[in-house]
$ cat target31.tsv   # TSV, C-alpha atoms
chain	number	residue	atom	x	y	z
A	117	MET	CA	-135.24	-85.02	45.43
A	118	SER	CA	-134.53	-84.20	49.10
A	119	LYS	CA	-134.22	-80.76	50.68
A	120	GLU	CA	-130.48	-81.18	50.98
A	121	ASP	CA	-130.24	-81.64	47.22
A	122	TYR	CA	-132.29	-78.52	46.68
A	123	ARG	CA	-130.03	-76.52	48.99
A	124	ASP	CA	-126.92	-77.81	47.21
A	125	LYS	CA	-128.44	-76.87	43.91
A	126	ILE	CA	-129.30	-73.38	45.09
A	127	GLU	CA	-125.82	-72.92	46.58
A	128	GLU	CA	-124.25	-74.03	43.29
A	129	HIS	CA	-126.32	-71.52	41.33
A	130	ARG	CA	-125.47	-68.78	43.81
A	131	GLN	CA	-121.72	-69.51	43.51
A	132	SER	CA	-122.02	-69.51	39.75
A	133	PHE	CA	-123.83	-66.22	39.87
A	134	GLU	CA	-121.12	-64.66	42.10
A	135	ASP	CA	-118.40	-65.89	39.73
A	136	GLU	CA	-120.27	-64.35	36.85
A	137	GLN	CA	-120.56	-61.06	38.69
A	138	LYS	CA	-116.81	-61.08	39.44
A	139	GLU	CA	-116.10	-61.76	35.79
A	140	GLN	CA	-118.36	-58.88	34.74
A	141	GLN	CA	-116.55	-56.60	37.15
A	142	SER	CA	-113.19	-57.66	35.68
A	143	LEU	CA	-114.45	-56.97	32.18
A	144	SER	CA	-115.74	-53.60	33.31
A	145	ARG	CA	-112.30	-52.67	34.70
A	146	VAL	CA	-110.63	-53.75	31.46
A	147	SER	CA	-113.08	-51.61	29.52
A	148	ARG	CA	-112.37	-48.61	31.71
A	149	MET	CA	-108.61	-49.10	31.25
A	150	ASN	CA	-109.11	-49.15	27.50
A	151	LYS	CA	-111.00	-45.92	27.68
A	152	ASN	CA	-108.22	-44.33	29.77
A	153	GLY	CA	-105.47	-44.74	27.14
A	154	ASN	CA	-104.70	-48.37	26.82
A	155	LYS	CA	-106.44	-48.65	23.47
A	156	ASP	CA	-103.44	-50.19	21.76
A	157	LYS	CA	-103.15	-52.87	24.34
A	158	LYS	CA	-105.36	-55.71	23.45
A	159	PRO	CA	-107.20	-57.26	26.34
A	160	LYS	CA	-106.47	-60.78	27.08
A	161	ASN	CA	-109.07	-63.20	25.85
A	162	SER	CA	-110.72	-64.70	28.90
A	163	LYS	CA	-112.84	-67.73	28.64
A	164	ARG	CA	-116.30	-67.42	30.01
A	165	LYS	CA	-117.25	-70.15	32.26
A	166	THR	CA	-121.00	-69.93	31.55
A	167	PRO	CA	-122.77	-68.53	28.48
A	168	LEU	CA	-125.01	-65.54	28.93
A	169	MET	CA	-128.20	-67.36	28.06
A	170	THR	CA	-127.45	-69.95	30.70
A	171	ILE	CA	-126.94	-67.25	33.29
A	172	LEU	CA	-130.19	-65.59	32.36
A	173	PHE	CA	-131.98	-68.94	32.41
A	174	VAL	CA	-130.64	-69.68	35.86
A	175	ILE	CA	-131.43	-66.21	37.22
A	176	PHE	CA	-134.92	-65.72	35.82
A	177	ILE	CA	-136.29	-69.25	35.48
A	178	LEU	CA	-134.46	-72.00	37.31
A	179	ILE	CA	-133.86	-70.22	40.63
A	180	PRO	CA	-137.45	-68.91	41.00
A	181	LEU	CA	-138.78	-72.27	39.90
A	182	THR	CA	-136.60	-74.03	42.46
A	183	ILE	CA	-137.74	-71.70	45.20
A	184	LEU	CA	-141.37	-72.16	44.16
A	185	ILE	CA	-141.05	-75.93	44.22
A	186	TYR	CA	-139.40	-75.77	47.62
A	187	PHE	CA	-142.19	-73.64	49.10
A	188	TRP	CA	-144.86	-75.72	47.39
A	189	LYS	CA	-143.58	-79.15	48.42
A	190	PHE	CA	-141.60	-78.74	51.61
A	191	TYR	CA	-142.07	-75.37	53.25
A	192	GLU	CA	-144.61	-75.00	56.06
A	193	PRO	CA	-144.80	-71.93	58.29
A	194	GLY	CA	-143.53	-72.47	61.78
A	195	LYS	CA	-141.24	-75.39	60.89
A	196	THR	CA	-137.49	-75.31	61.24
A	197	ILE	CA	-135.09	-76.62	58.63
A	198	GLU	CA	-134.27	-79.57	60.85
A	199	GLN	CA	-137.94	-80.51	61.10
A	200	ALA	CA	-138.38	-80.18	57.34
A	201	GLU	CA	-135.33	-82.38	56.76
A	202	LYS	CA	-136.66	-84.88	59.29
A	203	GLU	CA	-140.06	-85.00	57.60
A	204	SER	CA	-138.36	-85.33	54.23
A	205	ALA	CA	-136.33	-88.24	55.58
A	206	GLU	CA	-139.53	-89.78	57.00
A	207	GLN	CA	-141.20	-89.39	53.63
A	208	VAL	CA	-138.24	-91.14	52.01
A	209	VAL	CA	-138.46	-93.89	54.63
A	210	GLU	CA	-142.21	-94.15	54.07
A	211	LEU	CA	-141.59	-94.35	50.35
A	212	ASP	CA	-139.04	-97.12	50.90
A	213	THR	CA	-141.46	-98.80	53.31
A	214	SER	CA	-144.28	-98.55	50.79
A	215	GLU	CA	-142.04	-99.98	48.10
A	216	ALA	CA	-141.00	-102.76	50.49
A	217	SER	CA	-144.66	-103.31	51.36
A	218	ALA	CA	-145.50	-103.48	47.66
A	219	THR	CA	-142.70	-105.99	47.21
A	220	ASP	CA	-143.94	-107.97	50.19
A	221	LYS	CA	-147.47	-107.86	48.78
A	222	ASP	CA	-146.18	-109.17	45.46
A	223	LYS	CA	-144.34	-111.94	47.27
A	224	ASN	CA	-147.40	-112.73	49.37
A	225	LYS	CA	-149.53	-112.73	46.23
A	226	ASP	CA	-147.13	-115.16	44.58
A	227	LYS	CA	-147.25	-117.35	47.69
A	228	ASP	CA	-151.05	-117.16	47.72
A	229	ASP	CA	-151.16	-118.04	44.02
A	230	GLN	CA	-148.88	-121.01	44.63
A	231	ALA	CA	-150.96	-122.07	47.63
A	232	ASP	CA	-154.17	-121.77	45.56
A	233	LYS	CA	-152.58	-123.78	42.78
A	234	LYS	CA	-151.49	-126.48	45.22
A	235	ALA	CA	-154.93	-126.47	46.80
A	236	GLN	CA	-156.56	-126.85	43.38
A	237	GLU	CA	-154.20	-129.69	42.50
A	238	GLN	CA	-154.90	-131.39	45.83
A	239	SER	CA	-158.64	-130.87	45.33
A	240	GLN	CA	-158.40	-132.40	41.85
A	241	LYS	CA	-156.45	-135.37	43.26
A	242	ASP	CA	-159.06	-135.83	45.99
A	243	ALA	CA	-161.88	-135.65	43.42
A	244	ASP	CA	-160.14	-138.22	41.22
A	245	LYS	CA	-159.55	-140.48	44.21
A	246	LEU	CA	-163.19	-140.15	45.30
A	247	ALA	CA	-164.38	-140.91	41.76
A	248	ALA	CA	-162.14	-143.98	41.63
A	249	GLU	CA	-163.44	-145.16	45.01
A	250	GLN	CA	-167.05	-144.61	43.91
A	251	LYS	CA	-166.40	-146.52	40.70
A	252	ALA	CA	-164.78	-149.38	42.62
A	253	ALA	CA	-167.72	-149.42	45.06
A	254	GLU	CA	-170.20	-149.52	42.17
A	255	GLU	CA	-168.30	-152.37	40.52
A	256	ALA	CA	-168.15	-154.24	43.83
A	257	LYS	CA	-171.90	-153.66	44.30
A	258	LYS	CA	-172.61	-154.95	40.79
A	259	ALA	CA	-170.45	-158.02	41.45
A	260	GLN	CA	-172.22	-158.60	44.77
A	261	ASP	CA	-175.63	-158.17	43.12
A	262	ALA	CA	-174.64	-160.64	40.42
A	263	LYS	CA	-173.40	-163.05	43.09
A	264	ASN	CA	-176.61	-162.65	45.06
A	265	ALA	CA	-178.70	-163.16	41.92
A	266	ASP	CA	-176.71	-166.30	41.10
A	267	ALA	CA	-177.15	-167.56	44.67
A	268	ALA	CA	-180.88	-166.80	44.54
A	269	LYS	CA	-181.17	-168.59	41.22
A	270	LYS	CA	-179.33	-171.63	42.59
A	271	ALA	CA	-181.51	-171.56	45.71
A	272	GLU	CA	-184.65	-171.42	43.54
A	273	GLU	CA	-183.39	-174.31	41.42
A	274	ALA	CA	-182.56	-176.29	44.58
A	275	LYS	CA	-186.02	-175.56	45.96
A	276	LYS	CA	-187.68	-176.71	42.75
A	277	ALA	CA	-185.49	-179.82	42.71
A	278	GLU	CA	-186.44	-180.57	46.32
A	279	GLU	CA	-190.11	-180.07	45.57
A	280	ALA	CA	-189.80	-182.35	42.53
A	281	ARG	CA	-188.01	-184.95	44.66
A	282	ILE	CA	-190.68	-184.79	47.35
A	283	ALA	CA	-193.42	-185.04	44.73
A	284	GLN	CA	-191.66	-187.99	43.16
A	285	GLN	CA	-191.31	-189.65	46.57
A	286	GLN	CA	-194.97	-189.06	47.27
A	287	ALA	CA	-195.91	-190.46	43.86
A	288	ASP	CA	-193.67	-193.47	44.45
A	289	ALA	CA	-195.15	-194.00	47.91
A	290	LYS	CA	-198.67	-193.73	46.54
A	291	ARG	CA	-197.86	-196.11	43.74
A	292	LYS	CA	-196.27	-198.56	46.16
A	293	ALA	CA	-199.27	-198.29	48.46
A	294	GLU	CA	-201.61	-198.96	45.58
A	295	GLU	CA	-199.53	-201.90	44.52
A	296	ALA	CA	-199.47	-203.19	48.09
A	297	ARG	CA	-203.25	-202.80	48.33
A	298	LYS	CA	-203.73	-204.68	45.11
A	299	ALA	CA	-201.30	-207.35	46.24
A	300	GLU	CA	-203.15	-207.62	49.52
A	301	GLU	CA	-206.45	-207.91	47.72
A	302	ALA	CA	-204.99	-210.56	45.43
A	303	LYS	CA	-203.63	-212.34	48.48
A	304	GLN	CA	-206.96	-212.11	50.22
A	305	ASN	CA	-208.66	-213.37	47.10
A	306	ALA	CA	-206.16	-216.22	46.89
A	307	LYS	CA	-206.82	-217.05	50.51
A	308	ALA	CA	-210.57	-216.80	50.07
A	309	SER	CA	-212.31	-219.81	51.65
A	310	THR	CA	-215.33	-221.77	50.48
A	311	HIS	CA	-218.46	-222.90	52.34
A	312	THR	CA	-220.95	-225.60	51.58
A	313	VAL	CA	-224.49	-224.58	52.33
A	314	LYS	CA	-226.15	-226.72	54.91
A	315	ALA	CA	-229.79	-227.22	55.78
A	316	SER	CA	-231.45	-224.33	57.49
A	317	GLU	CA	-228.66	-221.88	56.32
A	318	ASN	CA	-229.12	-218.81	54.27
A	319	LEU	CA	-226.70	-216.18	52.97
A	320	TYR	CA	-227.29	-213.87	55.89
A	321	ARG	CA	-226.35	-216.53	58.46
A	322	ILE	CA	-223.31	-217.60	56.46
A	323	ALA	CA	-222.02	-213.94	56.40
A	324	LEU	CA	-222.74	-213.53	60.09
A	325	ASN	CA	-220.85	-216.76	60.97
A	326	HIS	CA	-217.77	-216.00	58.81
A	327	TYR	CA	-217.52	-212.19	59.02
A	328	GLY	CA	-219.51	-211.38	62.14
A	329	ASP	CA	-221.43	-208.93	60.01
A	330	GLY	CA	-224.63	-209.62	58.12
A	331	SER	CA	-224.93	-206.20	56.56
A	332	GLU	CA	-225.94	-205.63	53.00
A	333	ALA	CA	-222.36	-204.66	52.10
A	334	THR	CA	-221.05	-208.03	53.26
A	335	LEU	CA	-223.80	-209.81	51.43
A	336	ALA	CA	-223.04	-207.85	48.27
A	337	LYS	CA	-219.35	-208.84	48.50
A	338	ILE	CA	-220.30	-212.55	48.75
A	339	ARG	CA	-222.74	-212.27	45.87
A	340	ALA	CA	-220.09	-210.52	43.71
A	341	ALA	CA	-217.51	-213.23	44.48
A	342	ASN	CA	-219.94	-215.96	43.45
A	343	GLY	CA	-221.77	-214.20	40.61
A	344	MET	CA	-225.08	-214.38	42.42
A	345	SER	CA	-227.96	-212.04	41.67
A	346	SER	CA	-229.89	-212.74	44.89
A	347	ASN	CA	-229.41	-213.98	48.40
A	348	THR	CA	-231.02	-217.33	47.67
A	349	VAL	CA	-228.82	-220.37	48.27
A	350	MET	CA	-229.50	-224.10	48.09
A	351	VAL	CA	-228.44	-226.93	50.41
A	352	GLY	CA	-225.16	-228.41	49.25
A	353	GLN	CA	-224.22	-225.33	47.19
A	354	VAL	CA	-220.49	-224.35	47.49
A	355	ILE	CA	-219.97	-220.66	47.70
A	356	LYS	CA	-216.76	-218.60	47.89
A	357	LEU	CA	-216.18	-216.44	50.92
A	358	PRO	CA	-213.81	-213.64	49.98

$ encode --input "target31.tsv" --output "structure tokens"
Amino acid sequence: MSKEDYRDKIEEHRQSFEDEQKEQQSLSRVSRMNKNGNKDKKPKNSKRKTPLMTILFVIFILIPLTILIYFWKFYEPGKTIEQAEKESAEQVVELDTSEASATDKDKNKDKDDQADKKAQEQSQKDADKLAAEQKAAEEAKKAQDAKNADAAKKAEEAKKAEEARIAQQQADAKRKAEEARKAEEAKQNAKASTHTVKASENLYRIALNHYGDGSEATLAKIRAANGMSSNTVMVGQVIKLP
């Protein structure tokens, strides 16, 4: 309640009190007239505006209490009424400002809550997106690893196949070489010439004339071809020269 309201209230009580005093004075005059010989004349019934208990309540309780509240809340020594009214108005403005600030705080809190909620939702979306990307990367890595393993397996199989092919080629070449050697030996054996031993010839001279080598190895080859056990030959003997 402002100071102006308090003043209006006090002025209203004062006016009521003055009306009550005027009414009491009127009643007192009527009483005096009755005492002076107008006993037979009945006084007019006048309606009281305010009951007695209300008047007493206003006089002894409400007015002192109002004054006490005024001095306690608003009165400061050395201040004029205009200054008190100005301060009261400033207090009302401050109260309105504080209420507006509280309202603004509530609005800002709601905005902050909405912003936090949106931020949490965005964070959850980002986390889900990151999880999906990680899962896709893991699946791609697994697929690549499987592909690499398959390629390595195929490469190993190709390597083994190549090694087997080379080994087979080498075996075939060796076999063909052996067959060629045997064929050559058979051919040489088929082409082996004969010699008839003449006078003054021995096995050493025969080997030296035909092979240009009279070593023991050459002699052994001639002996083996003819089934001889020694180097002794006779004139007119036909011997094979492998």

$ closest_residue --input "target31.tsv" --among "A:Glu301, A:Ala333, A:Ala341, A:Val351" --to "Glu317 in chain A" --atoms "all atoms listed in the file"
A:Val351

$ axis_aligned_box --input "target31.tsv" --around "range 315-328 of chain A" --padding-each-side "5 Å" --output "JSON"
{"center_x": -224.5, "center_y": -219.3, "center_z": 57.6, "size_x": 23.9, "size_y": 25.8, "size_z": 19.2}

$ residues_near_point --input "target31.tsv" --point "(-226.8, -214.3, 54.0)" --cutoff "10 Å" --atoms "only C-alpha atoms" --output "number ranges by chain"
A: 317-325, 329-332, 334-336, 338-339, 346-349

$ atom_distance --input "target31.tsv" --atom1 "CA of Lys275 in chain A" --atom2 "CA of Asp288 in chain A"
19.5 Å

$ atom_distance --input "target31.tsv" --atom1 "CA of Ile185 in chain A" --atom2 "CA of Lys138 in chain A"
28.8 Å

$ atom_distance --input "target31.tsv" --atom1 "CA of Lys356 in chain A" --atom2 "CA of Thr310 in chain A"
4.3 Å
